[in-house]
$ cat model-v3.cif   # mmCIF, C-alpha atoms
data_upload
#
loop_
_atom_site.label_atom_id
_atom_site.label_comp_id
_atom_site.auth_asym_id
_atom_site.auth_seq_id
_atom_site.Cartn_x
_atom_site.Cartn_y
_atom_site.Cartn_z
CA MET M 10 62.43 -1.15 195.46
CA LYS M 11 59.55 1.14 194.42
CA THR M 12 58.19 -1.44 191.95
CA LYS M 13 58.41 -4.24 194.53
CA ILE M 14 56.52 -2.16 197.09
CA LEU M 15 53.80 -1.16 194.64
CA ASP M 16 53.47 -4.77 193.42
CA GLN M 17 53.12 -6.00 197.00
CA ILE M 18 50.41 -3.45 197.76
CA ARG M 19 48.54 -4.40 194.57
CA GLY M 20 48.85 -8.05 195.54
CA SER M 21 47.42 -7.32 198.99
CA GLU M 22 43.98 -6.28 197.76
CA GLN M 23 42.13 -9.20 199.33
CA GLY M 24 43.82 -8.74 202.70
CA MET M 25 43.13 -5.02 202.56
CA LEU M 26 39.47 -5.62 201.79
CA GLN M 27 39.19 -8.15 204.60
CA LEU M 28 40.68 -5.72 207.12
CA LEU M 29 38.52 -2.90 205.78
CA GLU M 30 35.41 -5.06 206.15
CA GLU M 31 36.39 -5.93 209.71
CA LEU M 32 36.94 -2.29 210.68
CA VAL M 33 33.86 -0.93 208.87
CA ASN M 34 31.65 -3.52 210.57
CA ILE M 35 32.70 -2.23 214.00
CA ASP M 36 30.52 0.67 215.13
CA SER M 37 32.87 3.43 216.19
CA GLY M 38 30.77 6.56 216.51
CA ALA M 39 30.80 8.89 219.51
CA ASP M 40 28.31 6.61 221.28
CA ALA M 41 30.42 3.48 220.73
CA LEU M 42 33.51 3.79 222.93
CA ALA M 43 33.91 0.00 223.01
CA GLY M 44 33.88 -0.03 219.22
CA ILE M 45 36.54 2.66 218.98
CA ASN M 46 38.63 0.62 221.39
CA ALA M 47 38.07 -2.51 219.27
CA VAL M 48 39.27 -0.65 216.16
CA ALA M 49 42.34 0.57 218.09
CA GLN M 50 43.11 -2.95 219.33
CA ARG M 51 42.83 -4.42 215.81
CA ILE M 52 45.12 -1.77 214.34
CA GLY M 53 47.52 -2.12 217.27
CA ALA M 54 47.73 -5.88 216.70
CA PHE M 55 48.53 -5.29 213.01
CA LEU M 56 51.33 -2.87 213.92
CA GLU M 57 52.77 -5.10 216.67
CA VAL M 58 53.32 -7.85 214.09
CA LEU M 59 55.41 -5.32 212.16
CA GLY M 60 57.59 -4.64 215.20
CA PHE M 61 55.92 -1.46 216.45
CA THR M 62 55.66 -0.68 220.14
CA VAL M 63 52.00 0.14 220.72
CA GLU M 64 50.47 2.26 223.48
CA TYR M 65 46.80 2.94 224.11
CA LEU M 66 46.37 6.44 225.53
CA GLU M 67 43.26 6.34 227.67
CA THR M 68 41.16 9.06 229.26
CA ASP M 69 38.29 7.97 231.53
CA GLY M 70 34.98 8.05 229.68
CA ALA M 71 36.59 9.18 226.42
CA PRO M 72 37.71 7.43 223.24
CA VAL M 73 41.12 5.80 223.22
CA GLN M 74 44.07 7.06 221.19
CA LEU M 75 46.65 4.74 219.64
CA LEU M 76 50.34 5.65 219.61
CA ALA M 77 52.71 3.24 217.89
CA ARG M 78 56.43 3.61 217.23
CA LYS M 79 59.05 1.76 215.25
CA ALA M 80 62.28 3.49 216.15
CA GLN M 81 65.16 3.79 213.73
CA PRO M 82 67.51 6.12 215.59
CA GLY M 83 69.30 8.65 213.44
CA LYS M 84 66.90 8.14 210.54
CA LYS M 85 64.33 10.42 208.95
CA GLN M 86 61.17 10.68 211.05
CA VAL M 87 57.67 10.16 209.66
CA LEU M 88 54.28 10.41 211.37
CA PHE M 89 51.16 8.69 210.05
CA SER M 90 48.12 10.32 211.65
CA GLY M 91 44.41 9.74 211.48
CA HIS M 92 41.27 8.88 213.39
CA MET M 93 39.35 5.72 214.20
CA ASP M 94 35.92 7.20 214.92
CA THR M 95 33.06 7.79 212.48
CA VAL M 96 29.98 10.03 212.43
CA PHE M 97 27.65 7.01 212.47
CA ASN M 98 25.64 6.02 215.53
CA GLN M 99 25.85 2.64 217.17
CA GLY M 100 23.88 0.06 215.18
CA THR M 101 24.66 1.55 211.77
CA ALA M 102 27.14 -1.21 210.88
CA ALA M 103 24.43 -3.84 211.42
CA VAL M 104 21.99 -1.95 209.20
CA ARG M 105 24.53 -0.99 206.51
CA PRO M 106 27.39 -3.52 206.75
CA PHE M 107 30.44 -3.47 204.51
CA LYS M 108 29.85 -4.51 200.92
CA VAL M 109 31.55 -4.19 197.56
CA GLU M 110 29.45 -3.51 194.46
CA ASN M 111 30.81 -2.79 190.99
CA GLY M 112 34.32 -2.38 192.38
CA ARG M 113 33.30 0.14 195.07
CA ALA M 114 33.27 -0.44 198.81
CA TYR M 115 30.38 0.79 200.94
CA GLY M 116 29.72 0.97 204.67
CA PRO M 117 29.99 3.35 207.61
CA GLY M 118 33.44 4.90 207.67
CA VAL M 119 34.68 3.14 204.52
CA LEU M 120 35.96 6.43 203.13
CA ASP M 121 36.39 8.60 206.22
CA MET M 122 38.62 7.23 207.47
CA LYS M 123 38.83 3.48 207.79
CA GLY M 124 39.85 3.07 204.14
CA GLY M 125 42.71 5.50 204.70
CA LEU M 126 43.81 3.62 207.81
CA VAL M 127 43.93 0.33 205.91
CA MET M 128 45.93 1.92 203.10
CA ALA M 129 48.42 3.40 205.56
CA LEU M 130 48.86 0.06 207.35
CA TYR M 131 49.51 -1.82 204.12
CA VAL M 132 51.93 0.84 202.85
CA ILE M 133 53.84 0.63 206.12
CA ARG M 134 53.89 -3.18 205.91
CA ALA M 135 55.07 -3.16 202.29
CA LEU M 136 57.85 -0.68 203.07
CA LEU M 137 59.12 -2.74 206.00
CA GLU M 138 58.81 -6.12 204.27
CA ASN M 139 60.84 -4.80 201.35
CA GLY M 140 63.79 -3.67 203.42
CA TRP M 141 62.88 -0.04 204.08
CA GLN M 142 64.87 0.80 207.18
CA GLU M 143 65.47 4.45 206.43
CA THR M 144 62.67 5.94 208.50
CA ASP M 145 61.71 6.21 212.14
CA MET M 146 57.93 5.66 212.01
CA THR M 147 55.22 6.85 214.38
CA VAL M 148 51.50 6.18 214.03
CA LEU M 149 49.08 8.32 216.05
CA LEU M 150 45.35 7.74 215.74
CA CYS M 151 42.71 9.44 217.83
CA GLY M 152 39.25 8.21 218.63
CA ASP M 153 37.42 11.52 218.84
CA GLU M 154 38.18 13.50 215.69
CA GLU M 155 34.55 13.63 214.57
CA MET M 156 33.64 15.25 217.92
CA SER M 157 36.54 17.75 217.78
CA HIS M 158 38.36 16.18 220.76
CA PRO M 159 36.17 17.45 223.65
CA PHE M 160 37.46 15.01 226.30
CA THR M 161 41.00 14.08 225.27
CA ASP M 162 44.33 15.74 224.69
CA ALA M 163 44.44 14.53 221.07
CA VAL M 164 45.36 17.93 219.65
CA ALA M 165 48.32 18.22 222.02
CA GLN M 166 49.31 14.63 221.21
CA PHE M 167 49.28 15.35 217.46
CA LYS M 168 51.36 18.52 217.93
CA LYS M 169 53.85 16.65 220.09
CA ALA M 170 54.07 13.65 217.75
CA GLY M 171 54.44 15.84 214.67
CA ALA M 172 57.08 18.19 216.08
CA GLY M 173 60.35 17.87 214.21
CA LYS M 174 59.14 15.18 211.81
CA ASP M 175 60.47 15.13 208.28
CA ALA M 176 57.02 14.24 206.95
CA VAL M 177 53.51 13.89 208.37
CA PHE M 178 50.77 12.00 206.56
#
$ encode --input "model-v3.cif" --output "structure tokens"
Amino acid sequence: MKTKILDQIRGSEQGMLQLLEELVNIDSGADALAGINAVAQRIGAFLEVLGFTVEYLETDGAPVQLLARKAQPGKKQVLFSGHMDTVFNQGTAAVRPFKVENGRAYGPGVLDMKGGLVMALYVIRALLENGWQETDMTVLLCGDEEMSHPFTDAVAQFKKAGAGKDAVF
């Protein structure tokens, strides 16, 4: 199964780059709450196709958090965690949009952390599409990591989601 999963991920490069471009070209800095929400909605839609139940945890005037679950009762429990916000101000994506040069991707948030989010989504998809039913999966993404969570309960949500998990990524 390991070889099939790795082959599928390798074969998904174009889809991964397309999703990465889409996410990078959405401004999602502290001054772009609508952009953070758009990133959350796009990721939520990806996970719903995979059978996840998706919730958007909202706090008035603060960035959204995404909580998604694919329950496999009695199985090992894994949490994928991360953040959807960047340090870049609104308008940066228009000035420095996603691009690939010499095999490297560039753009606001391409490394921290939108590239990591895309990798996690495609790993999850490859596991599920290749029969991996051994793990209860949770995905928790906050929208205010770069600001240190001043207006949300993200820290409490991460502690709660990670409690008792067999692995947290």
$ resolve_selection --input "model-v3.cif" --expression "the PyMOL selection byres ((chain M and resi 33) around 9)" --output "ChimeraX atom specification"
/M:28-32,34-37,102,106-107,115-119,123-124
$ closest_residue --input "model-v3.cif" --among "M:Ala114, M:Leu15, M:Leu136, M:Val96" --to "Asp40 in chain M" --atoms "only C-alpha atoms"
M:Val96
$ residues_around --input "model-v3.cif" --residues "Trp141 in chain M" --least-positions-apart "5" --cutoff "10 Å" --atoms "all atoms listed in the file" --output "ChimeraX atom specification"
/M:10,14,133-136
$ write_last_selection --input "model-v3.cif" --atoms "C-alpha atoms" --output "short mmCIF file (atom, residue, chain, number, x, y, z; two decimals), in the frame of the given file"
data_model
loop_
_atom_site.label_atom_id
_atom_site.label_comp_id
_atom_site.auth_asym_id
_atom_site.auth_seq_id
_atom_site.Cartn_x
_atom_site.Cartn_y
_atom_site.Cartn_z
CA MET M 10 62.43 -1.15 195.46
CA ILE M 14 56.52 -2.16 197.09
CA ILE M 133 53.84 0.63 206.12
CA ARG M 134 53.89 -3.18 205.91
CA ALA M 135 55.07 -3.16 202.29
CA LEU M 136 57.85 -0.68 203.07
#
$ atom_distance --input "model-v3.cif" --atom1 "CA of Leu88 in chain M" --atom2 "CA of Leu149 in chain M"
7.3 Å
$ resolve_selection --input "model-v3.cif" --expression "the PyMOL selection byres ((chain M and resi 178) around 8)" --output "PDB file with C-alpha atoms, in the frame of the given file"
ATOM      1  CA  VAL M  87      57.670  10.160 209.660  1.00  0.00           C
ATOM      2  CA  LEU M  88      54.280  10.410 211.370  1.00  0.00           C
ATOM      3  CA  PHE M  89      51.160   8.690 210.050  1.00  0.00           C
ATOM      4  CA  SER M  90      48.120  10.320 211.650  1.00  0.00           C
ATOM      5  CA  ALA M 176      57.020  14.240 206.950  1.00  0.00           C
ATOM      6  CA  VAL M 177      53.510  13.890 208.370  1.00  0.00           C
TER       7      VAL M 177
END
$ closest_residue --input "model-v3.cif" --among "M:Arg105, M:Gly70, M:Lys168, M:Leu59" --to "Ala39 in chain M" --atoms "only C-alpha atoms"
M:Gly70
$ decode --input "model-v3.cif" --residues "range 104-115 of chain M" --atoms "all heavy atoms" --output "PDB file, in the first residue's frame"
ATOM      1  N   VAL M 104       0.148  41.696  -5.988  1.00  0.00           N
ATOM      2  CA  VAL M 104       1.465  42.221  -6.348  1.00  0.00           C
ATOM      3  C   VAL M 104       2.468  41.090  -6.587  1.00  0.00           C
ATOM      4  O   VAL M 104       3.310  41.174  -7.481  1.00  0.00           O
ATOM      5  CB  VAL M 104       1.989  43.163  -5.231  1.00  0.00           C
ATOM      6  CG1 VAL M 104       3.416  43.621  -5.508  1.00  0.00           C
ATOM      7  CG2 VAL M 104       1.063  44.356  -5.067  1.00  0.00           C
ATOM      8  N   ARG M 105       2.371  40.040  -5.771  1.00  0.00           N
ATOM      9  CA  ARG M 105       3.292  38.894  -5.882  1.00  0.00           C
ATOM     10  C   ARG M 105       2.506  37.591  -5.980  1.00  0.00           C
ATOM     11  O   ARG M 105       2.536  36.765  -5.081  1.00  0.00           O
ATOM     12  CB  ARG M 105       4.203  38.831  -4.647  1.00  0.00           C
ATOM     13  CG  ARG M 105       5.181  39.976  -4.561  1.00  0.00           C
ATOM     14  CD  ARG M 105       6.260  39.788  -3.505  1.00  0.00           C
ATOM     15  NE  ARG M 105       5.783  39.451  -2.173  1.00  0.00           N
ATOM     16  CZ  ARG M 105       6.020  38.288  -1.561  1.00  0.00           C
ATOM     17  NH1 ARG M 105       6.679  37.327  -2.153  1.00  0.00           N
ATOM     18  NH2 ARG M 105       5.578  38.081  -0.343  1.00  0.00           N
ATOM     19  N   PRO M 106       1.780  37.372  -7.087  1.00  0.00           N
ATOM     20  CA  PRO M 106       0.969  36.162  -7.207  1.00  0.00           C
ATOM     21  C   PRO M 106       1.838  34.904  -7.306  1.00  0.00           C
ATOM     22  O   PRO M 106       3.041  34.979  -7.557  1.00  0.00           O
ATOM     23  CB  PRO M 106       0.178  36.391  -8.491  1.00  0.00           C
ATOM     24  CG  PRO M 106       1.026  37.308  -9.297  1.00  0.00           C
ATOM     25  CD  PRO M 106       1.729  38.188  -8.291  1.00  0.00           C
ATOM     26  N   PHE M 107       1.185  33.792  -7.127  1.00  0.00           N
ATOM     27  CA  PHE M 107       1.836  32.488  -7.216  1.00  0.00           C
ATOM     28  C   PHE M 107       2.547  32.338  -8.552  1.00  0.00           C
ATOM     29  O   PHE M 107       2.020  32.713  -9.599  1.00  0.00           O
ATOM     30  CB  PHE M 107       0.784  31.380  -7.071  1.00  0.00           C
ATOM     31  CG  PHE M 107       1.345  29.990  -7.188  1.00  0.00           C
ATOM     32  CD1 PHE M 107       1.908  29.367  -6.087  1.00  0.00           C
ATOM     33  CD2 PHE M 107       1.317  29.310  -8.390  1.00  0.00           C
ATOM     34  CE1 PHE M 107       2.423  28.086  -6.180  1.00  0.00           C
ATOM     35  CE2 PHE M 107       1.834  28.023  -8.498  1.00  0.00           C
ATOM     36  CZ  PHE M 107       2.388  27.418  -7.387  1.00  0.00           C
ATOM     37  N   LYS M 108       3.748  31.777  -8.500  1.00  0.00           N
ATOM     38  CA  LYS M 108       4.464  31.430  -9.725  1.00  0.00           C
ATOM     39  C   LYS M 108       5.424  30.304  -9.411  1.00  0.00           C
ATOM     40  O   LYS M 108       5.807  30.083  -8.257  1.00  0.00           O
ATOM     41  CB  LYS M 108       5.217  32.632 -10.296  1.00  0.00           C
ATOM     42  CG  LYS M 108       6.370  33.118  -9.437  1.00  0.00           C
ATOM     43  CD  LYS M 108       7.077  34.293 -10.073  1.00  0.00           C
ATOM     44  CE  LYS M 108       8.218  34.765  -9.154  1.00  0.00           C
ATOM     45  NZ  LYS M 108       8.961  35.864  -9.744  1.00  0.00           N
ATOM     46  N   VAL M 109       5.805  29.574 -10.452  1.00  0.00           N
ATOM     47  CA  VAL M 109       6.815  28.527 -10.333  1.00  0.00           C
ATOM     48  C   VAL M 109       7.945  28.887 -11.291  1.00  0.00           C
ATOM     49  O   VAL M 109       7.707  29.129 -12.478  1.00  0.00           O
ATOM     50  CB  VAL M 109       6.249  27.134 -10.673  1.00  0.00           C
ATOM     51  CG1 VAL M 109       7.347  26.079 -10.631  1.00  0.00           C
ATOM     52  CG2 VAL M 109       5.115  26.762  -9.727  1.00  0.00           C
ATOM     53  N   GLU M 110       9.158  28.954 -10.758  1.00  0.00           N
ATOM     54  CA  GLU M 110      10.350  29.212 -11.558  1.00  0.00           C
ATOM     55  C   GLU M 110      11.423  28.214 -11.174  1.00  0.00           C
ATOM     56  O   GLU M 110      11.705  28.037  -9.991  1.00  0.00           O
ATOM     57  CB  GLU M 110      10.885  30.631 -11.318  1.00  0.00           C
ATOM     58  CG  GLU M 110      10.049  31.725 -11.913  1.00  0.00           C
ATOM     59  CD  GLU M 110      10.661  33.105 -11.689  1.00  0.00           C
ATOM     60  OE1 GLU M 110      11.728  33.210 -11.037  1.00  0.00           O
ATOM     61  OE2 GLU M 110      10.057  34.079 -12.157  1.00  0.00           O
ATOM     62  N   ASN M 111      12.010  27.573 -12.178  1.00  0.00           N
ATOM     63  CA  ASN M 111      13.089  26.616 -11.944  1.00  0.00           C
ATOM     64  C   ASN M 111      12.712  25.566 -10.895  1.00  0.00           C
ATOM     65  O   ASN M 111      13.505  25.215 -10.031  1.00  0.00           O
ATOM     66  CB  ASN M 111      14.376  27.334 -11.528  1.00  0.00           C
ATOM     67  CG  ASN M 111      14.862  28.286 -12.600  1.00  0.00           C
ATOM     68  OD1 ASN M 111      14.815  27.970 -13.795  1.00  0.00           O
ATOM     69  ND2 ASN M 111      15.305  29.459 -12.193  1.00  0.00           N
ATOM     70  N   GLY M 112      11.464  25.106 -10.955  1.00  0.00           N
ATOM     71  CA  GLY M 112      11.015  24.056 -10.056  1.00  0.00           C
ATOM     72  C   GLY M 112      10.686  24.506  -8.646  1.00  0.00           C
ATOM     73  O   GLY M 112      10.450  23.666  -7.776  1.00  0.00           O
ATOM     74  N   ARG M 113      10.667  25.810  -8.394  1.00  0.00           N
ATOM     75  CA  ARG M 113      10.345  26.331  -7.064  1.00  0.00           C
ATOM     76  C   ARG M 113       9.106  27.204  -7.139  1.00  0.00           C
ATOM     77  O   ARG M 113       8.950  27.997  -8.059  1.00  0.00           O
ATOM     78  CB  ARG M 113      11.499  27.157  -6.507  1.00  0.00           C
ATOM     79  CG  ARG M 113      12.690  26.318  -6.167  1.00  0.00           C
ATOM     80  CD  ARG M 113      13.717  27.136  -5.467  1.00  0.00           C
ATOM     81  NE  ARG M 113      14.868  26.279  -5.193  1.00  0.00           N
ATOM     82  CZ  ARG M 113      15.846  26.601  -4.402  1.00  0.00           C
ATOM     83  NH1 ARG M 113      15.839  27.762  -3.793  1.00  0.00           N
ATOM     84  NH2 ARG M 113      16.844  25.785  -4.204  1.00  0.00           N
ATOM     85  N   ALA M 114       8.252  27.045  -6.140  1.00  0.00           N
ATOM     86  CA  ALA M 114       7.031  27.849  -6.075  1.00  0.00           C
ATOM     87  C   ALA M 114       7.282  29.087  -5.218  1.00  0.00           C
ATOM     88  O   ALA M 114       7.981  29.019  -4.201  1.00  0.00           O
ATOM     89  CB  ALA M 114       5.892  27.018  -5.479  1.00  0.00           C
ATOM     90  N   TYR M 115       6.677  30.197  -5.648  1.00  0.00           N
ATOM     91  CA  TYR M 115       6.811  31.465  -4.942  1.00  0.00           C
ATOM     92  C   TYR M 115       5.434  32.090  -4.764  1.00  0.00           C
ATOM     93  O   TYR M 115       4.542  31.879  -5.574  1.00  0.00           O
ATOM     94  CB  TYR M 115       7.693  32.441  -5.740  1.00  0.00           C
ATOM     95  CG  TYR M 115       9.110  31.968  -5.929  1.00  0.00           C
ATOM     96  CD1 TYR M 115       9.459  31.195  -7.028  1.00  0.00           C
ATOM     97  CD2 TYR M 115      10.096  32.306  -5.013  1.00  0.00           C
ATOM     98  CE1 TYR M 115      10.763  30.758  -7.207  1.00  0.00           C
ATOM     99  CE2 TYR M 115      11.400  31.878  -5.178  1.00  0.00           C
ATOM    100  CZ  TYR M 115      11.732  31.102  -6.287  1.00  0.00           C
ATOM    101  OH  TYR M 115      13.015  30.669  -6.452  1.00  0.00           O
TER     102      TYR M 115
END
